[in-house]
$ cat my_file.csv   # CSV, C-alpha atoms and all ligand atoms
chain,number,residue,atom,x,y,z
A,1,MET,CA,-13.9,-2.3,-37.4
A,2,ALA,CA,-15.4,-0.7,-34.2
A,3,LEU,CA,-15.6,-4.2,-32.7
A,4,ASN,CA,-11.9,-4.9,-33.5
A,5,PHE,CA,-11.0,-1.6,-31.9
A,6,LEU,CA,-12.8,-2.5,-28.7
A,7,PHE,CA,-11.6,-6.2,-28.7
A,8,TYR,CA,-7.9,-5.4,-28.9
A,9,ARG,CA,-8.0,-2.5,-26.5
A,10,LYS,CA,-10.1,-4.5,-23.9
A,11,SER,CA,-7.6,-7.4,-24.2
A,12,LEU,CA,-4.8,-5.0,-23.6
A,13,ILE,CA,-6.5,-3.6,-20.5
A,14,ALA,CA,-7.2,-7.2,-19.3
A,15,LEU,CA,-3.6,-8.4,-19.8
A,16,THR,CA,-2.0,-5.3,-18.2
A,17,GLY,CA,-4.6,-5.4,-15.4
A,18,LEU,CA,-3.8,-9.1,-14.6
A,19,PHE,CA,-0.1,-8.3,-14.5
A,20,LEU,CA,-0.7,-5.4,-12.1
A,21,CYS,CA,-2.8,-7.8,-9.9
A,22,VAL,CA,0.3,-10.1,-9.7
A,23,PHE,CA,2.5,-7.1,-8.8
A,24,LEU,CA,0.1,-6.2,-6.0
A,25,VAL,CA,0.4,-9.7,-4.4
A,26,VAL,CA,4.2,-9.3,-4.4
A,27,HIS,CA,4.0,-5.7,-3.2
A,28,LEU,CA,1.6,-6.5,-0.4
A,29,SER,CA,3.8,-9.5,0.8
A,30,ALA,CA,6.8,-7.2,0.9
A,31,ASN,CA,4.9,-4.5,2.8
A,32,ALA,CA,3.5,-7.0,5.3
A,33,ILE,CA,7.1,-7.0,6.7
A,34,LEU,CA,6.0,-3.6,8.2
A,35,LEU,CA,3.6,-5.4,10.5
A,36,LEU,CA,6.5,-7.1,12.3
A,37,PRO,CA,8.2,-5.5,15.4
A,38,ASN,CA,10.3,-2.5,14.3
A,39,ASP,CA,13.7,-4.0,15.1
A,40,ILE,CA,13.1,-7.0,12.9
A,41,ALA,CA,11.0,-5.1,10.2
A,42,SER,CA,13.6,-2.4,9.6
A,43,GLU,CA,16.5,-4.8,8.7
A,44,LEU,CA,14.3,-7.1,6.7
A,45,TYR,CA,12.5,-4.3,4.8
A,46,ASN,CA,15.7,-2.5,3.8
A,47,SER,CA,17.6,-5.7,2.7
A,48,TYR,CA,14.5,-6.9,0.7
A,49,SER,CA,14.2,-3.5,-1.0
A,50,HIS,CA,18.0,-3.4,-1.7
A,51,THR,CA,17.9,-6.9,-3.2
A,52,LEU,CA,15.0,-5.9,-5.6
A,53,ARG,CA,16.7,-2.7,-6.6
A,54,GLU,CA,20.0,-4.4,-7.4
A,55,ASN,CA,18.6,-7.3,-9.4
A,56,PRO,CA,18.8,-6.7,-13.2
A,57,LEU,CA,15.9,-9.0,-13.9
A,58,ILE,CA,13.7,-7.2,-11.4
A,59,THR,CA,14.7,-3.9,-13.1
A,60,VAL,CA,13.4,-5.2,-16.4
A,61,VAL,CA,10.1,-6.3,-14.7
A,62,ALA,CA,9.9,-2.8,-13.1
A,63,TYR,CA,10.0,-1.2,-16.6
A,64,VAL,CA,7.2,-3.7,-17.7
A,65,LEU,CA,5.3,-2.6,-14.7
A,66,TYR,CA,5.6,1.2,-15.5
A,67,ILE,CA,4.6,0.6,-19.1
A,68,SER,CA,1.6,-1.6,-17.9
A,69,ILE,CA,0.3,1.2,-15.6
A,70,VAL,CA,0.5,3.8,-18.4
A,71,LEU,CA,-1.1,1.5,-21.0
A,72,HIS,CA,-3.8,0.3,-18.7
A,73,ALA,CA,-4.8,3.9,-17.8
A,74,VAL,CA,-4.5,5.4,-21.3
A,75,VAL,CA,-6.3,2.6,-23.1
A,76,ALA,CA,-9.1,2.6,-20.4
A,77,LEU,CA,-9.5,6.3,-21.0
A,78,LEU,CA,-9.7,5.9,-24.8
A,79,ILE,CA,-12.4,3.2,-24.4
A,80,THR,CA,-14.4,5.4,-22.0
A,81,LEU,CA,-14.2,8.3,-24.5
A,82,HIS,CA,-15.1,6.0,-27.4
A,83,ASN,CA,-18.1,4.6,-25.5
A,84,ARG,CA,-19.3,8.1,-24.6
A,85,LYS,CA,-19.1,9.2,-28.2
A,86,ALA,CA,-21.0,6.2,-29.4
A,87,LYS,CA,-23.7,6.5,-26.7
A,88,PRO,CA,-23.9,10.3,-25.9
A,89,GLN,CA,-27.4,10.1,-24.4
A,90,LYS,CA,-28.5,7.9,-21.6
A,91,TYR,CA,-31.3,5.6,-22.4
A,92,ILE,CA,-34.6,6.7,-21.0
A,93,MET,CA,-35.1,3.3,-19.3
A,94,ASP,CA,-31.5,2.5,-18.4
A,95,LYS,CA,-31.7,-1.3,-17.8
A,96,SER,CA,-28.0,-1.4,-16.9
A,97,GLN,CA,-29.0,0.3,-13.6
A,98,GLN,CA,-30.8,-2.9,-12.7
A,99,ASN,CA,-28.4,-5.4,-14.0
A,100,SER,CA,-25.0,-4.2,-12.9
A,101,SER,CA,-23.4,-2.9,-9.8
A,102,TRP,CA,-22.4,0.7,-9.2
A,103,TYR,CA,-18.7,-0.2,-9.1
A,104,SER,CA,-18.8,-2.0,-12.4
A,105,LYS,CA,-20.3,1.1,-14.0
A,106,ASN,CA,-17.8,3.4,-12.3
A,107,MET,CA,-14.6,1.6,-13.1
A,108,GLY,CA,-13.3,4.8,-14.7
A,109,ILE,CA,-13.8,6.9,-11.6
A,110,LEU,CA,-12.3,4.1,-9.4
A,111,GLY,CA,-9.4,3.8,-11.8
A,112,THR,CA,-8.8,7.6,-11.7
A,113,LEU,CA,-8.7,7.6,-7.9
A,114,ILE,CA,-6.2,4.8,-8.0
A,115,LEU,CA,-4.1,6.6,-10.6
A,116,ILE,CA,-4.0,9.7,-8.4
A,117,PHE,CA,-3.0,7.5,-5.5
A,118,ILE,CA,-0.2,5.9,-7.6
A,119,ILE,CA,1.2,9.3,-8.6
A,120,ILE,CA,1.3,10.6,-5.0
A,121,HIS,CA,2.6,7.2,-3.8
A,122,LEU,CA,5.5,7.3,-6.4
A,123,ALA,CA,6.3,10.8,-5.4
A,124,ASN,CA,6.4,9.7,-1.7
A,125,PHE,CA,8.7,6.7,-2.2
A,126,TRP,CA,9.9,5.9,-5.7
A,127,ALA,CA,11.0,9.4,-6.7
A,128,ARG,CA,12.9,9.8,-3.4
A,129,ILE,CA,14.4,6.2,-3.2
A,130,LYS,CA,15.1,5.4,-6.9
A,131,LEU,CA,15.5,8.8,-8.5
A,132,GLY,CA,17.0,10.7,-5.5
A,133,ILE,CA,14.5,13.5,-5.8
A,134,GLY,CA,13.7,15.5,-2.6
A,135,GLU,CA,15.0,14.8,0.8
A,136,GLU,CA,18.1,12.4,0.8
A,137,VAL,CA,17.4,8.8,1.9
A,138,LEU,CA,20.0,7.9,4.6
A,139,LEU,CA,21.8,4.5,4.8
A,140,ASP,CA,21.1,1.9,7.5
A,141,LYS,CA,23.9,0.1,9.5
A,142,ASN,CA,24.3,-2.4,6.7
A,143,GLY,CA,24.8,0.4,4.1
A,144,TYR,CA,21.4,-0.1,2.5
A,145,LYS,CA,19.0,2.7,1.7
A,146,ASP,CA,16.8,3.1,4.8
A,147,VAL,CA,13.5,2.6,3.0
A,148,PHE,CA,12.0,1.5,6.4
A,149,SER,CA,12.5,4.9,8.0
A,150,VAL,CA,11.1,6.7,4.9
A,151,THR,CA,7.9,4.6,5.2
A,152,TYR,CA,7.8,4.8,9.0
A,153,GLU,CA,8.1,8.6,9.0
A,154,LEU,CA,5.4,9.0,6.3
A,155,PHE,CA,3.0,7.0,8.3
A,156,GLN,CA,3.5,9.1,11.4
A,157,ASN,CA,1.5,11.7,9.5
A,158,ILE,CA,-2.2,11.0,10.1
A,159,TRP,CA,-3.2,12.6,6.8
A,160,PHE,CA,-1.0,10.2,4.8
A,161,VAL,CA,-2.4,7.3,6.9
A,162,LEU,CA,-5.9,8.3,6.1
A,163,PHE,CA,-5.1,8.9,2.4
A,164,TYR,CA,-3.5,5.4,2.1
A,165,SER,CA,-6.1,3.6,4.1
A,166,ILE,CA,-9.2,5.3,2.5
A,167,LEU,CA,-7.9,4.8,-1.0
A,168,ALA,CA,-7.6,1.1,-0.3
A,169,ILE,CA,-11.4,0.9,-0.5
A,170,PRO,CA,-11.7,2.0,-4.2
A,171,LEU,CA,-8.7,-0.2,-4.9
A,172,ALA,CA,-10.5,-3.2,-3.6
A,173,PHE,CA,-13.7,-2.5,-5.6
A,174,HIS,CA,-11.7,-1.9,-8.8
A,175,LEU,CA,-9.7,-5.1,-8.3
A,176,TYR,CA,-12.9,-7.2,-7.6
A,177,HIS,CA,-14.6,-6.2,-10.8
A,178,GLY,CA,-11.4,-5.9,-12.8
A,179,LEU,CA,-10.2,-9.4,-12.0
A,180,LYS,CA,-13.6,-11.0,-12.8
A,181,SER,CA,-14.1,-9.2,-16.1
A,182,GLY,CA,-10.4,-9.5,-17.1
A,183,PHE,CA,-10.7,-13.2,-17.4
A,184,LYS,CA,-14.0,-12.9,-19.3
A,185,THR,CA,-12.4,-10.5,-21.8
A,186,LEU,CA,-9.6,-13.0,-22.4
A,187,GLY,CA,-12.2,-15.6,-23.4
A,188,PHE,CA,-12.8,-17.5,-20.2
A,189,TYR,CA,-16.5,-18.4,-20.4
A,190,HIS,CA,-16.9,-21.6,-18.5
A,191,LYS,CA,-20.1,-21.0,-16.4
A,192,LYS,CA,-19.0,-22.9,-13.2
A,193,GLY,CA,-15.5,-21.6,-13.6
A,194,LEU,CA,-16.8,-18.0,-13.7
A,195,ARG,CA,-18.7,-18.5,-10.5
A,196,ILE,CA,-15.5,-19.8,-8.8
A,197,LEU,CA,-13.5,-16.9,-10.3
A,198,ALA,CA,-16.0,-14.4,-8.9
A,199,LYS,CA,-15.4,-15.8,-5.4
A,200,VAL,CA,-11.6,-15.9,-5.9
A,201,SER,CA,-11.7,-12.2,-7.1
A,202,LEU,CA,-13.7,-11.3,-4.0
A,203,ILE,CA,-11.2,-13.0,-1.7
A,204,TYR,CA,-8.3,-11.4,-3.6
A,205,ALA,CA,-9.9,-7.9,-3.5
A,206,ILE,CA,-10.6,-8.2,0.3
A,207,ILE,CA,-7.0,-9.3,1.0
A,208,MET,CA,-5.6,-6.4,-1.0
A,209,GLY,CA,-8.0,-3.8,0.4
A,210,VAL,CA,-7.6,-4.9,4.0
A,211,GLY,CA,-3.9,-5.5,3.7
A,212,PHE,CA,-2.9,-2.2,2.1
A,213,GLY,CA,-5.5,-0.4,4.2
A,214,ILE,CA,-4.3,-1.7,7.5
A,215,ILE,CA,-0.5,-1.4,7.2
A,216,PRO,CA,-0.4,2.4,7.5
A,217,ILE,CA,-2.7,2.3,10.6
A,218,VAL,CA,-0.6,-0.4,12.3
A,219,VAL,CA,2.6,1.5,11.5
A,220,TYR,CA,1.1,4.8,12.9
A,221,PHE,CA,0.2,3.1,16.2
A,222,LYS,CA,3.4,1.1,16.6
A,301,LIG,C1,0.7,0.1,2.7
A,301,LIG,C2,0.8,0.6,1.5
A,301,LIG,C3,2.0,0.7,0.6
A,301,LIG,C4,3.4,0.8,1.0
A,301,LIG,C5,3.9,1.0,2.5
A,301,LIG,C6,4.2,0.9,-0.2
A,301,LIG,C7,5.5,1.1,-0.2
A,301,LIG,C8,6.3,1.2,-1.3
A,301,LIG,C9,7.7,1.5,-1.3
A,301,LIG,C10,8.6,1.6,-0.1
A,301,LIG,C11,8.1,1.6,-2.6
A,301,LIG,C12,9.5,1.9,-3.2
A,301,LIG,C13,10.3,0.6,-3.2
A,301,LIG,C14,11.8,0.7,-3.6
A,301,LIG,O1,12.1,1.4,-4.6
A,301,LIG,O2,12.6,0.2,-2.9
A,301,LIG,C15,6.9,1.4,-3.5
A,301,LIG,C16,6.9,1.4,-4.8
A,301,LIG,C17,5.8,1.2,-5.6
A,301,LIG,N1,4.5,1.0,-5.2
A,301,LIG,FE1,3.9,0.9,-3.2
A,301,LIG,N2,3.3,0.7,-1.3
A,301,LIG,C18,2.0,0.6,-0.8
A,301,LIG,C19,0.9,0.4,-1.6
A,301,LIG,C20,0.9,0.5,-3.0
A,301,LIG,C21,-0.3,0.3,-3.8
A,301,LIG,C22,-1.7,0.1,-3.2
A,301,LIG,C23,0.1,0.4,-5.1
A,301,LIG,C24,-0.7,0.3,-6.3
A,301,LIG,C25,-2.0,0.5,-6.4
A,301,LIG,C26,1.5,0.6,-5.1
A,301,LIG,C27,2.3,0.7,-6.2
A,301,LIG,C28,3.7,0.9,-6.2
A,301,LIG,C29,4.5,1.0,-7.5
A,301,LIG,C30,3.9,0.9,-8.9
A,301,LIG,C31,5.8,1.2,-7.1
A,301,LIG,C32,7.1,1.3,-8.0
A,301,LIG,C33,7.7,-0.1,-8.0
A,301,LIG,C34,9.1,-0.2,-8.6
A,301,LIG,O3,9.7,0.8,-9.0
A,301,LIG,O4,9.6,-1.3,-8.5
A,301,LIG,N3,2.0,0.6,-3.8
A,301,LIG,N4,5.9,1.2,-2.6

$ encode --input "my_file.csv" --output "C-alpha cells" --more "lines below"
Ligand code: HEM
Amino acid sequence: MALNFLFYRKSLIALTGLFLCVFLVVHLSANAILLLPNDIASELYNSYSHTLRENPLITVVAYVLYISIVLHAVVALLITLHNRKAKPQKYIMDKSQQNSSWYSKNMGILGTLILIFIIIHLANFWARIKLGIGEEVLLDKNGYKDVFSVTYELFQNIWFVLFYSILAIPLAFHLYHGLKSGFKTLGFYHKKGLRILAKVSLIYAIIMGVGFGIIPIVVYFK
C-alpha cells in the first residue's frame, strides 16, 4: 500500500518533470532571441510571442503546463512529508551522506527555490502580458504586444538580473538530478544507457543553467 502510494506519486513527478524539461528547451530557444541585436530581436520576439498566444493548440499545451507545475510541486511536497513521517529521526550513521550528492538530498529545497522563482517570474511577465494585471503592455509597430520592451526594461534593473541569473544555478542542479532520476523512476534500468543518460542530463542542465543565467546579463549590458 505504502509502496503503491510512492510508486504512483513518483511516476507523476517524473512524467510532469519530463514535460517541464521539454518546455524549458522551447522556452530557452525563444528567449535566445534576446541575445540578437535589439532591432532584430524586438520584432522577432514580439511576433513569436504573438504567434504562441494566438495559437489554440499552444493554449491547450499552456494549460497542461500550468497543471504540470502545480502537480509536480504538490506531489513532491506530499512525498517529502510522507518520507519525514516514516523516518522522523536521522540514522546515527547516515550512509546516504557518503553515497549521494548534496543536491540529490536537497531536491525539495532546490524545487522550492525554483517555485519561488516561477511565481515571481509569472508576476513579472505572464500576469502582465496574458492577464493584463499591472502596468499596461503597449503595442509595437506591427500591433503586437511589446513583450520585448517588458523584458528589456525588467533586465535594466540589476536586482532582477541578479535574481534571474543566480536562480539559474539551483535550476541547473535540480534539472541534472531530476532528469537522471526521472527516467529511472519510469523504469529505465539499462546500465550503459543510464551512464549515457547521466551525461545527457549533465549537458542538458549546463545548457539550461548557462542559457537562462546569461540572457539577463547580456540584455543588461546591451
Ligand atoms: C532569461 C530568462 C527568462 C525570460 C527572459 C523569460 C521570459 C518569459 C516571458 C516573456 C514570458 C511570457 C510569454 C508570453 O506570454 O508571451 C514567460 C512565460 C513563462 N515562463 Fe519564462 N522566461 C525566462 C526563464 C524562465 C524559467 C527559468 C522558467 C522555469 C523555471 C520559466 C517559466 C515560464 C512559464 C511557466 C511561463 C508561462 C508560459 C505560458 O503561459 O505559456 N521562464 N517567460

$ residues_around --input "my_file.csv" --residues "stretch 161-174 of chain A" --least-positions-apart "2" --cutoff "6 Å" --atoms "all atoms listed in the file" --output "PyMOL selection string"
chain A and resi 110+155+158-159+176-178+205+209+213+216

$ write_last_selection --input "my_file.csv" --atoms "C-alpha atoms" --output "compact mmCIF listing (two decimals), keeping the file's coordinate frame"
# COMPACT_ATOMS: atom_id res chain seq x y z
CA LEU A 110 -12.30 4.10 -9.40
CA PHE A 155 3.00 7.00 8.30
CA ILE A 158 -2.20 11.00 10.10
CA TRP A 159 -3.20 12.60 6.80
CA TYR A 176 -12.90 -7.20 -7.60
CA HIS A 177 -14.60 -6.20 -10.80
CA GLY A 178 -11.40 -5.90 -12.80
CA ALA A 205 -9.90 -7.90 -3.50
CA GLY A 209 -8.00 -3.80 0.40
CA GLY A 213 -5.50 -0.40 4.20
CA PRO A 216 -0.40 2.40 7.50

$ residues_near_ligand --input "my_file.csv" --ligand "ligand LIG 301 (chain A)" --cutoff "7 Å" --atoms "all atoms listed in the file" --output "mmCIF file with C-alpha atoms, in the frame of the given file"
data_model
loop_
_atom_site.group_PDB
_atom_site.id
_atom_site.type_symbol
_atom_site.label_atom_id
_atom_site.label_comp_id
_atom_site.auth_asym_id
_atom_site.auth_seq_id
_atom_site.Cartn_x
_atom_site.Cartn_y
_atom_site.Cartn_z
ATOM 1 C CA LEU A 24 0.100 -6.200 -6.000
ATOM 2 C CA HIS A 27 4.000 -5.700 -3.200
ATOM 3 C CA ASN A 31 4.900 -4.500 2.800
ATOM 4 C CA SER A 49 14.200 -3.500 -1.000
ATOM 5 C CA HIS A 50 18.000 -3.400 -1.700
ATOM 6 C CA ARG A 53 16.700 -2.700 -6.600
ATOM 7 C CA ALA A 62 9.900 -2.800 -13.100
ATOM 8 C CA LEU A 65 5.300 -2.600 -14.700
ATOM 9 C CA TYR A 66 5.600 1.200 -15.500
ATOM 10 C CA ILE A 114 -6.200 4.800 -8.000
ATOM 11 C CA ILE A 118 -0.200 5.900 -7.600
ATOM 12 C CA HIS A 121 2.600 7.200 -3.800
ATOM 13 C CA LEU A 122 5.500 7.300 -6.400
ATOM 14 C CA PHE A 125 8.700 6.700 -2.200
ATOM 15 C CA TRP A 126 9.900 5.900 -5.700
ATOM 16 C CA ILE A 129 14.400 6.200 -3.200
ATOM 17 C CA LYS A 130 15.100 5.400 -6.900
ATOM 18 C CA VAL A 147 13.500 2.600 3.000
ATOM 19 C CA THR A 151 7.900 4.600 5.200
ATOM 20 C CA TYR A 164 -3.500 5.400 2.100
ATOM 21 C CA ALA A 168 -7.600 1.100 -0.300
ATOM 22 C CA LEU A 171 -8.700 -0.200 -4.900
ATOM 23 C CA PHE A 212 -2.900 -2.200 2.100
ATOM 24 C CA GLY A 213 -5.500 -0.400 4.200
ATOM 25 C CA ILE A 215 -0.500 -1.400 7.200
ATOM 26 C CA PRO A 216 -0.400 2.400 7.500
#

$ atom_distance --input "my_file.csv" --atom1 "atom CA of A:Asn157" --atom2 "atom CA of A:Val218"
12.6 Å

$ closest_residue --input "my_file.csv" --among "A:Val137, A:Ala41, A:Val74, A:Met107" --to "A:Lys222" --atoms "only C-alpha atoms"
A:Ala41

$ closest_residue --input "my_file.csv" --among "A:Phe160, A:Gly132, A:Val60, A:Ile203" --to "A:Ile120" --atoms "all atoms listed in the file"
A:Phe160

$ closest_residue --input "my_file.csv" --among "A:Lys184, A:Ile67, A:Glu43, A:Ile58" --to "A:Gly143" --atoms "all atoms listed in the file"
A:Glu43
